[in-house]
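Comments concern the structure below.
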Amino acid sequence: MKKIIFLAIFILLAVFAMADDLQVTAYVNRTTIGINDILQYTIEISGSDADKIGTPNLPQLDGFKNQGVSTSSSSSYTMTNGSFQSSVTKKYQYSLSPTRTGSISIPSITIKYKKKSYKTGNIKLNVVPGSNEPAPARASTRNNNSPAENSGKLSDNIFIEIQVSNLNPYQNESVEVTYNLFSKYDVTSLSFKEEPSFIGFWKEDVFTPNRMNLQRTNRNGELYNTMKLKTYAIFPSQTGEIKVDPLKMDVDIRTESRNIWSFGSTKTYTIASKPLSFKVKELPPGAPADFSGAVGNFQLNSSVSETQLKVGDSFTYTLEISGRGNFSNLNIATLPEINHLRFLDPETSSDITASKVNGKKTIRYLVVAQEPGNFSIPSLPFSYFDPGRNKYVTLRSDKYALDVKEGDNIYIPGTTSQASIHLEGSDIGFIIENRVMSSFKPWFDSILYWLLLFVIFLSLPITTLLMKRHTQIAGDMDYQRQKRANRVLKKYLKLATEYYKSANPDFYYAAQSGLENYLTDKLKIARGSRKDQIISQATHLGYSKELVEKINLMFNKCNEARFMPGGFLKENIQTDYASLRDIVAEIAKSRIKGK
């Protein structure tokens, strides 16, 4: 009997030991990868208890950015000596994007289970510039003008090319940067993944496409589908070497079918431009005293509306700076005080073209003549640095002489309104002919005075509370974003309605932009967040599953209509317009968690 008990205990211990016996390994899809590519790093756990282990926590990896993880599992069963044994295999696949080139290692990862530690192996990788993705077989294009063969790399057949007006500018000098897509493939859709941050620059967006619009272009004897992706006007705010990160795009490519019974497949690739490196020069010494940082090529004009006027009359003094450069740094010298001429606060307006570097800035002063006499408005300097001539230039406004005559009006300074005061009689005015003096009753003996005083004291606490509440609201960024969300939505809905009435495909641009900006403010996430971030936050904050699905469907419809060939159909606009209004109405009625 004792032998049987010992044998049973031994078998049980062996079973438990086998249950705890896990196999953990890690591997990658390739060991040489381009900096524009995505590395697939997989941790595989096998054993009967593999499904009891949670997702491994990947540490901060030097040289890689973790883009997310996907999970899959499989089970197998075997029969040994009449008994079943099960084994589970779980795979955790991490998408890693390289952040630098060179030799990089993924260190060993430790997984702990039931007081045991399991370690993966160390993996060495080589990250090269560009993309190392193999070129897929290209699908035949509709016009069949493309060469039949592709070269060995994806990056040779689809890439982003940059046009830069100047890589060696002066500080504050305007630079234009344009990104263009070149592709030998049939691109079905594309989206911005990462835009350059331009740290060290003042940045202005000049061009962003509303929809995908590919054109055929011959480039060095080869045919490509091309499209302008983005144009920026940038102004360096610091000197020295400044590096700019690449522009990254997610591109869906239609590839060749494997047989006559299929229509090919679509695969998403990430492509990126080359990084930029600027060498920004310091402005030379010897700047004029009034120089405020303007760099470019400018003209200065000035004018006055009147030079002959009377006391109490007003005229307009105008200064206008026009040309090309950094209009954010345009400042003209302050007008000196001129006795008996009152200059009211100026009205400043700017008219900048779409390029963000050409335009004009206008400064208008309203001036009131207070006394008769001859006065002059002095010439004012405006200095800027001209990079084309490599020197500082000082422009001067015209000098104006004013002749102010006596008038029928007397100028009364301050806030008192001006009026014509007519004096009747040469010596004494306002003679009181009635010698009977009216009785005077002190105003503080009035019941009305004390009643008003009581009301004022009573209203002080209420006024204080209202002012405090107003200050809190003004400083509440969430509240301000909620107010802004409604204004933005109203603007884009009006635009979408106009496009809907004329069956204009720009309806989908207005609908998508309005919905994205409205939801990012409403859900309190960063402007420019991607669709999946908006959908995730909407779900997290308690929007119904049906509403989230409607929002996701509307985003997909907008993307198809804007970027997929043949995706826009006039007959769909009416239905999509009605769906947009229903979605907005449901969002307005939905309550967010925590509110």
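Chains: A, B, ... in order of the structure tokens. Residues: from 1 per chain. Ligands: from 1, in order shown.
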Residues at most 8 Å from Arg562 of chain A, counting only C-alpha atoms, excluding those fewer than 6 positions away in the same chain, as a compact mmCIF listing (two decimals) with C-alpha atoms, in the first residue's frame?
```
# COMPACT_ATOMS: atom_id res chain seq x y z
CA ASN A 210 -7.64 67.76 -49.60
CA ARG A 211 -7.65 64.50 -51.54
CA MET A 212 -5.31 62.11 -53.29
CA PRO A 505 -16.26 66.26 -53.42
CA TYR A 508 -15.73 64.96 -47.49
CA TYR A 509 -12.73 67.15 -46.63
CA PHE A 568 -16.24 59.60 -54.77
```
Residue neighbourhood segment 377-386 of chain A, 9 Å, only C-alpha atoms, exclusion window fewer than 2 positions, as a PyMOL selection string: chain A and resi 283+287-298+300+321+330-336+338+375+388-402
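If you look at atom CA of Pro275 of chain A and atom CA of Leu247 of chain A, they are 8.0 Å away from each other.
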